[in-house]
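Coordinates as given in model14.pdb (PDB, C-alpha atoms):
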ATOM      1  CA  MET A   1     133.220 103.716 104.043  1.00  0.00           C
ATOM      2  CA  LYS A   2     136.510 104.236 102.214  1.00  0.00           C
ATOM      3  CA  VAL A   3     136.674 107.446 100.170  1.00  0.00           C
ATOM      4  CA  LEU A   4     139.575 108.259  97.862  1.00  0.00           C
ATOM      5  CA  VAL A   5     140.159 112.000  97.644  1.00  0.00           C
ATOM      6  CA  VAL A   6     141.936 113.559  94.681  1.00  0.00           C
ATOM      7  CA  ALA A   7     142.307 117.004  93.160  1.00  0.00           C
ATOM      8  CA  ASP A   8     144.305 118.774  90.503  1.00  0.00           C
ATOM      9  CA  THR A   9     144.807 115.838  88.150  1.00  0.00           C
ATOM     10  CA  HIS A  10     145.301 118.258  85.219  1.00  0.00           C
ATOM     11  CA  MET A  11     145.157 115.420  82.707  1.00  0.00           C
ATOM     12  CA  PRO A  12     146.454 115.031  80.075  1.00  0.00           C
ATOM     13  CA  LYS A  13     148.629 118.127  80.583  1.00  0.00           C
ATOM     14  CA  LYS A  14     150.377 116.913  83.774  1.00  0.00           C
ATOM     15  CA  GLY A  15     149.876 113.177  83.353  1.00  0.00           C
ATOM     16  CA  LYS A  16     148.749 110.964  80.499  1.00  0.00           C
ATOM     17  CA  THR A  17     147.290 108.325  82.852  1.00  0.00           C
ATOM     18  CA  LEU A  18     146.337 108.038  86.493  1.00  0.00           C
ATOM     19  CA  PRO A  19     149.407 107.021  88.508  1.00  0.00           C
ATOM     20  CA  ASP A  20     149.902 103.379  89.477  1.00  0.00           C
ATOM     21  CA  ARG A  21     149.804 104.181  93.210  1.00  0.00           C
ATOM     22  CA  LEU A  22     146.331 105.695  92.861  1.00  0.00           C
ATOM     23  CA  LEU A  23     145.195 102.811  90.650  1.00  0.00           C
ATOM     24  CA  GLN A  24     146.231 100.366  93.411  1.00  0.00           C
ATOM     25  CA  GLU A  25     143.766 101.974  95.854  1.00  0.00           C
ATOM     26  CA  LEU A  26     140.818 102.541  93.540  1.00  0.00           C
ATOM     27  CA  PRO A  27     139.425  98.958  93.499  1.00  0.00           C
ATOM     28  CA  SER A  28     138.879  99.070  97.287  1.00  0.00           C
ATOM     29  CA  ALA A  29     137.194 102.504  97.301  1.00  0.00           C
ATOM     30  CA  ASP A  30     133.506 102.886  98.109  1.00  0.00           C
ATOM     31  CA  ALA A  31     133.496 106.408  96.666  1.00  0.00           C
ATOM     32  CA  VAL A  32     135.780 108.985  95.065  1.00  0.00           C
ATOM     33  CA  ILE A  33     135.816 112.743  95.669  1.00  0.00           C
ATOM     34  CA  HIS A  34     137.580 114.985  93.161  1.00  0.00           C
ATOM     35  CA  ALA A  35     138.114 118.599  94.249  1.00  0.00           C
ATOM     36  CA  GLY A  36     138.484 120.094  90.781  1.00  0.00           C
ATOM     37  CA  ASP A  37     140.941 120.787  87.973  1.00  0.00           C
ATOM     38  CA  TRP A  38     140.184 117.549  86.198  1.00  0.00           C
ATOM     39  CA  GLN A  39     140.954 119.192  82.838  1.00  0.00           C
ATOM     40  CA  THR A  40     139.053 116.527  80.863  1.00  0.00           C
ATOM     41  CA  VAL A  41     135.905 114.482  81.412  1.00  0.00           C
ATOM     42  CA  GLU A  42     137.881 111.303  80.633  1.00  0.00           C
ATOM     43  CA  VAL A  43     139.327 111.459  84.163  1.00  0.00           C
ATOM     44  CA  TYR A  44     135.784 111.340  85.544  1.00  0.00           C
ATOM     45  CA  ARG A  45     134.869 108.423  83.301  1.00  0.00           C
ATOM     46  CA  GLU A  46     137.912 106.422  84.383  1.00  0.00           C
ATOM     47  CA  LEU A  47     137.340 107.045  88.103  1.00  0.00           C
ATOM     48  CA  GLU A  48     133.646 106.225  87.727  1.00  0.00           C
ATOM     49  CA  GLY A  49     134.660 102.748  86.548  1.00  0.00           C
ATOM     50  CA  TYR A  50     135.880 102.028  90.085  1.00  0.00           C
ATOM     51  CA  ALA A  51     133.360 103.748  92.395  1.00  0.00           C
ATOM     52  CA  PRO A  52     130.714 106.503  92.419  1.00  0.00           C
ATOM     53  CA  VAL A  53     132.359 109.908  91.906  1.00  0.00           C
ATOM     54  CA  THR A  54     131.393 113.172  93.580  1.00  0.00           C
ATOM     55  CA  GLY A  55     133.203 116.376  92.761  1.00  0.00           C
ATOM     56  CA  VAL A  56     133.383 120.003  91.807  1.00  0.00           C
ATOM     57  CA  TYR A  57     134.958 121.897  88.965  1.00  0.00           C
ATOM     58  CA  GLY A  58     138.106 123.985  89.259  1.00  0.00           C
ATOM     59  CA  ASN A  59     139.491 127.045  87.542  1.00  0.00           C
ATOM     60  CA  VAL A  60     140.966 125.135  84.556  1.00  0.00           C
ATOM     61  CA  ASP A  61     137.851 123.036  83.911  1.00  0.00           C
ATOM     62  CA  GLY A  62     135.802 123.914  80.862  1.00  0.00           C
ATOM     63  CA  GLU A  63     132.142 123.591  79.996  1.00  0.00           C
ATOM     64  CA  GLU A  64     132.268 119.801  79.675  1.00  0.00           C
ATOM     65  CA  ILE A  65     133.242 119.336  83.350  1.00  0.00           C
ATOM     66  CA  GLN A  66     131.068 122.250  84.498  1.00  0.00           C
ATOM     67  CA  ALA A  67     128.066 120.510  82.911  1.00  0.00           C
ATOM     68  CA  VAL A  68     128.663 117.478  85.173  1.00  0.00           C
ATOM     69  CA  PHE A  69     129.831 119.070  88.445  1.00  0.00           C
ATOM     70  CA  PRO A  70     128.945 122.203  90.456  1.00  0.00           C
ATOM     71  CA  ALA A  71     131.408 124.799  91.764  1.00  0.00           C
ATOM     72  CA  GLN A  72     130.760 123.600  95.319  1.00  0.00           C
ATOM     73  CA  GLN A  73     128.612 121.098  97.133  1.00  0.00           C
ATOM     74  CA  ILE A  74     127.866 119.473 100.450  1.00  0.00           C
ATOM     75  CA  VAL A  75     127.323 115.728 100.768  1.00  0.00           C
ATOM     76  CA  GLU A  76     126.230 113.775 103.836  1.00  0.00           C
ATOM     77  CA  TRP A  77     127.720 110.314 104.189  1.00  0.00           C
ATOM     78  CA  HIS A  78     127.560 108.086 107.270  1.00  0.00           C
ATOM     79  CA  GLY A  79     126.371 111.016 109.371  1.00  0.00           C
ATOM     80  CA  TYR A  80     129.208 113.342 108.293  1.00  0.00           C
ATOM     81  CA  ARG A  81     128.696 116.622 106.428  1.00  0.00           C
ATOM     82  CA  ILE A  82     131.415 117.057 103.815  1.00  0.00           C
ATOM     83  CA  GLY A  83     131.911 120.305 101.928  1.00  0.00           C
ATOM     84  CA  ILE A  84     133.760 120.176  98.615  1.00  0.00           C
ATOM     85  CA  VAL A  85     135.177 123.168  96.714  1.00  0.00           C
ATOM     86  CA  HIS A  86     138.222 123.780  94.542  1.00  0.00           C
ATOM     87  CA  GLY A  87     139.317 126.938  96.385  1.00  0.00           C
ATOM     88  CA  HIS A  88     140.468 129.176  93.542  1.00  0.00           C
ATOM     89  CA  GLY A  89     139.930 132.927  93.474  1.00  0.00           C
ATOM     90  CA  ASP A  90     141.616 136.223  94.210  1.00  0.00           C
ATOM     91  CA  LYS A  91     143.206 137.477  97.391  1.00  0.00           C
ATOM     92  CA  LYS A  92     143.367 135.442 100.588  1.00  0.00           C
ATOM     93  CA  THR A  93     144.814 131.965 100.815  1.00  0.00           C
ATOM     94  CA  THR A  94     143.256 128.933  99.180  1.00  0.00           C
ATOM     95  CA  GLU A  95     142.341 127.614 102.627  1.00  0.00           C
ATOM     96  CA  LYS A  96     140.608 130.847 103.651  1.00  0.00           C
ATOM     97  CA  ARG A  97     138.648 130.976 100.401  1.00  0.00           C
ATOM     98  CA  ALA A  98     137.580 127.360 100.915  1.00  0.00           C
ATOM     99  CA  LEU A  99     136.451 128.071 104.486  1.00  0.00           C
ATOM    100  CA  GLU A 100     134.477 131.151 103.423  1.00  0.00           C
ATOM    101  CA  THR A 101     132.678 129.217 100.672  1.00  0.00           C
ATOM    102  CA  PHE A 102     130.353 127.500 103.117  1.00  0.00           C
ATOM    103  CA  GLY A 103     129.979 130.288 105.668  1.00  0.00           C
ATOM    104  CA  ASP A 104     128.373 129.104 108.890  1.00  0.00           C
ATOM    105  CA  ASP A 105     127.498 125.607 107.622  1.00  0.00           C
ATOM    106  CA  SER A 106     128.639 123.163 110.231  1.00  0.00           C
ATOM    107  CA  LEU A 107     130.863 120.831 108.259  1.00  0.00           C
ATOM    108  CA  ASP A 108     132.667 117.843 109.659  1.00  0.00           C
ATOM    109  CA  ILE A 109     135.105 117.811 106.727  1.00  0.00           C
ATOM    110  CA  LEU A 110     136.083 120.474 104.183  1.00  0.00           C
ATOM    111  CA  ILE A 111     137.820 119.132 101.082  1.00  0.00           C
ATOM    112  CA  TYR A 112     139.541 121.530  98.716  1.00  0.00           C
ATOM    113  CA  GLY A 113     142.328 121.596  96.128  1.00  0.00           C
ATOM    114  CA  HIS A 114     143.887 124.281  93.917  1.00  0.00           C
ATOM    115  CA  SER A 115     147.200 124.769  95.770  1.00  0.00           C
ATOM    116  CA  HIS A 116     148.514 121.225  95.115  1.00  0.00           C
ATOM    117  CA  ILE A 117     149.785 121.353  98.710  1.00  0.00           C
ATOM    118  CA  PRO A 118     148.582 118.523 100.980  1.00  0.00           C
ATOM    119  CA  VAL A 119     146.811 119.746 104.129  1.00  0.00           C
ATOM    120  CA  LEU A 120     145.391 117.731 107.006  1.00  0.00           C
ATOM    121  CA  ARG A 121     144.431 119.750 110.078  1.00  0.00           C
ATOM    122  CA  TYR A 122     141.482 120.987 112.061  1.00  0.00           C
ATOM    123  CA  PHE A 123     140.038 124.477 112.035  1.00  0.00           C
ATOM    124  CA  LYS A 124     137.715 124.636 115.020  1.00  0.00           C
ATOM    125  CA  LYS A 125     135.653 121.439 114.624  1.00  0.00           C
ATOM    126  CA  THR A 126     136.133 121.016 110.867  1.00  0.00           C
ATOM    127  CA  LEU A 127     138.740 118.709 109.367  1.00  0.00           C
ATOM    128  CA  LEU A 128     140.470 120.587 106.528  1.00  0.00           C
ATOM    129  CA  PHE A 129     141.711 118.216 103.852  1.00  0.00           C
ATOM    130  CA  ASN A 130     143.607 119.058 100.677  1.00  0.00           C
ATOM    131  CA  PRO A 131     144.803 115.850  98.994  1.00  0.00           C
ATOM    132  CA  GLY A 132     147.560 117.552  97.000  1.00  0.00           C
ATOM    133  CA  SER A 133     147.951 116.289  93.435  1.00  0.00           C
ATOM    134  CA  PRO A 134     148.673 112.809  92.080  1.00  0.00           C
ATOM    135  CA  THR A 135     150.143 114.238  88.852  1.00  0.00           C
ATOM    136  CA  ASP A 136     151.601 117.707  89.624  1.00  0.00           C
ATOM    137  CA  LYS A 137     153.521 117.984  92.899  1.00  0.00           C
ATOM    138  CA  ARG A 138     154.730 121.564  92.281  1.00  0.00           C
ATOM    139  CA  ARG A 139     156.621 122.711  95.397  1.00  0.00           C
ATOM    140  CA  THR A 140     156.283 119.473  97.345  1.00  0.00           C
ATOM    141  CA  PRO A 141     158.680 116.499  97.220  1.00  0.00           C
ATOM    142  CA  PHE A 142     155.998 113.892  96.475  1.00  0.00           C
ATOM    143  CA  TYR A 143     152.788 113.390  94.527  1.00  0.00           C
ATOM    144  CA  SER A 144     149.788 112.686  96.751  1.00  0.00           C
ATOM    145  CA  PHE A 145     146.124 111.832  97.186  1.00  0.00           C
ATOM    146  CA  GLY A 146     144.014 111.152 100.250  1.00  0.00           C
ATOM    147  CA  ILE A 147     141.995 108.444 101.887  1.00  0.00           C
ATOM    148  CA  LEU A 148     139.117 109.113 104.270  1.00  0.00           C
ATOM    149  CA  THR A 149     137.565 106.276 106.222  1.00  0.00           C
ATOM    150  CA  LEU A 150     134.174 107.261 107.592  1.00  0.00           C
ATOM    151  CA  GLU A 151     132.894 105.117 110.456  1.00  0.00           C
ATOM    152  CA  GLU A 152     130.413 105.581 113.266  1.00  0.00           C
ATOM    153  CA  GLU A 153     133.336 105.730 115.698  1.00  0.00           C
ATOM    154  CA  GLY A 154     135.004 108.551 113.809  1.00  0.00           C
ATOM    155  CA  ILE A 155     136.993 109.703 110.821  1.00  0.00           C
ATOM    156  CA  HIS A 156     140.371 108.329 109.799  1.00  0.00           C
ATOM    157  CA  SER A 157     142.200 110.543 107.318  1.00  0.00           C
ATOM    158  CA  GLU A 158     145.559 110.134 105.657  1.00  0.00           C
ATOM    159  CA  HIS A 159     147.652 111.208 102.717  1.00  0.00           C
ATOM    160  CA  ILE A 160     149.358 108.741 100.430  1.00  0.00           C
ATOM    161  CA  PHE A 161     152.674 110.166  99.229  1.00  0.00           C
ATOM    162  CA  PHE A 162     154.605 108.654  96.325  1.00  0.00           C
ATOM    163  CA  LYS A 163     157.285 109.439  93.727  1.00  0.00           C
TER     164      LYS A 163
END

Now, as a test, write the supplied structure out as structure tokens.
Amino acid sequence: MKVLVVADTHMPKKGKTLPDRLLQELPSADAVIHAGDWQTVEVYRELEGYAPVTGVYGNVDGEEIQAVFPAQQIVEWHGYRIGIVHGHGDKKTTEKRALETFGDDSLDILIYGHSHIPVLRYFKKTLLFNPGSPTDKRRTPFYSFGILTLEEEGIHSEHIFFK
């Protein structure tokens, strides 16, 4: 199962359209996860034209997005428990807030956004994955999104970086 992972699209403020590099990957995706800060529901509608979309809302998302997506959720795909949250809030780092969201839940993967900084590492037995942003790179040299491949043999995870 190929899952495209995006967050912090901030459209149309930070981009008028989804970037070409992301559009190249979308036709081969089995699913899309968006970790919040969509800004408009049109982003959801466009992604949904390629594959089923699962996501959460972020701190800049208004009522229209909040009516479609929860603040956090856990999905189970191919035997893997995946927690999704945006990660915004006060005090602590984005990563710590994301980890605390699900408490003791044994997650295989924790996907979060908010910082626009790509992260791919393990904390104990949980893969922490922040895809960065495909439209607002902030303090990083490249725009980015992620790809997760979920198979019985294991998880393959990677970032796609582009200018």

(request) Would you translate the PyMOL selection byres ((chain A and resi 38-49) around 6) into the concrete set of residues it matches in this file, as a list in words? (result) Thr9, His10, Met11, Gly36, Asp37, Tyr50, Ala51, Pro52, Val53, Asp61 and Ile65 of chain A

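What the PyMOL selection byres ((chain A and resi 125) around 9) grabs from this file is Ser106, Leu107, Asp108, Ile109, Tyr122, Phe123, Lys124, Thr126 and Leu127 of chain A.
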
(request) Please provide the set of residues having any atom within 10 Å of Ser28 in chain A, restricted to all atoms listed in the file, with same-chain residues fewer than 5 positions apart removed, written as a VMD selection string. (result) chain A and resid 1 to 4 23 50 to 51

(request) Find, counting only C-alpha atoms, the residue in A:Val68, A:Leu18, A:Ala35, A:Ile74 that gets nearest to His114 in chain A. (result) A:Ala35

(request) Pick out the closest residue to Tyr143 in chain A from this set: A:Glu63, A:Phe161, A:Thr93, A:His156. Count all atoms listed in the file. (result) A:Phe161

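Our summary of the geometry notes that CA of Arg97 in chain A is positioned 16.7 Å from CA of Asp8 in chain A.
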
(request) In Å, rounded to a single decimal, give me how far CA of Gly58 in chain A is from CA of Ile160 in chain A. (result)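 Between CA of Ile160 in chain A and CA of Gly58 in chain A the gap is 22.0 Å.
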
(message) Between CA of Gly132 in chain A and CA of Pro118 in chain A, what is the distance in Å, rounded to a tenth?
(response)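 These two atoms are separated by 4.2 Å.
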
(message) Can you spell out as a PyMOL selection string the set of residues that the PyMOL selection byres ((chain A and resi 84) around 10) selects in the structure I just provided?
(response) chain A and resi 33-36+54-57+70-75+81-83+85-87+98+101-102+109-113+129

Restricted to C-alpha atoms, what would the selected residues look like written as a PDB file, in the coordinates of the input?
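After the write, again25.pdb holds the following:
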ATOM      1  CA  ILE A  33     135.816 112.743  95.669  1.00  0.00           C
ATOM      2  CA  HIS A  34     137.580 114.985  93.161  1.00  0.00           C
ATOM      3  CA  ALA A  35     138.114 118.599  94.249  1.00  0.00           C
ATOM      4  CA  GLY A  36     138.484 120.094  90.781  1.00  0.00           C
ATOM      5  CA  THR A  54     131.393 113.172  93.580  1.00  0.00           C
ATOM      6  CA  GLY A  55     133.203 116.376  92.761  1.00  0.00           C
ATOM      7  CA  VAL A  56     133.383 120.003  91.807  1.00  0.00           C
ATOM      8  CA  TYR A  57     134.958 121.897  88.965  1.00  0.00           C
ATOM      9  CA  PRO A  70     128.945 122.203  90.456  1.00  0.00           C
ATOM     10  CA  ALA A  71     131.408 124.799  91.764  1.00  0.00           C
ATOM     11  CA  GLN A  72     130.760 123.600  95.319  1.00  0.00           C
ATOM     12  CA  GLN A  73     128.612 121.098  97.133  1.00  0.00           C
ATOM     13  CA  ILE A  74     127.866 119.473 100.450  1.00  0.00           C
ATOM     14  CA  VAL A  75     127.323 115.728 100.768  1.00  0.00           C
ATOM     15  CA  ARG A  81     128.696 116.622 106.428  1.00  0.00           C
ATOM     16  CA  ILE A  82     131.415 117.057 103.815  1.00  0.00           C
ATOM     17  CA  GLY A  83     131.911 120.305 101.928  1.00  0.00           C
ATOM     18  CA  VAL A  85     135.177 123.168  96.714  1.00  0.00           C
ATOM     19  CA  HIS A  86     138.222 123.780  94.542  1.00  0.00           C
ATOM     20  CA  GLY A  87     139.317 126.938  96.385  1.00  0.00           C
ATOM     21  CA  ALA A  98     137.580 127.360 100.915  1.00  0.00           C
ATOM     22  CA  THR A 101     132.678 129.217 100.672  1.00  0.00           C
ATOM     23  CA  PHE A 102     130.353 127.500 103.117  1.00  0.00           C
ATOM     24  CA  ILE A 109     135.105 117.811 106.727  1.00  0.00           C
ATOM     25  CA  LEU A 110     136.083 120.474 104.183  1.00  0.00           C
ATOM     26  CA  ILE A 111     137.820 119.132 101.082  1.00  0.00           C
ATOM     27  CA  TYR A 112     139.541 121.530  98.716  1.00  0.00           C
ATOM     28  CA  GLY A 113     142.328 121.596  96.128  1.00  0.00           C
ATOM     29  CA  PHE A 129     141.711 118.216 103.852  1.00  0.00           C
TER      30      PHE A 129
END

(request) Find the residues around Ser133 in chain A up to 7 Å (only C-alpha atoms counted), leave out those fewer than 2 positions away in its own chain, and share them as a PyMOL selection string. (result) chain A and resi 6-9+116+131+135-137+143-145

Given 6 Å on each side, where is the centre and what are the edge lengths in Å to one decimal of the axis-aligned box enclosing the listed atoms of range 36-49 of chain A, as AutoDock Vina command-line options?
--center_x 137.3 --center_y 111.8 --center_z 85.7 --size_x 19.3 --size_y 30.0 --size_z 22.1
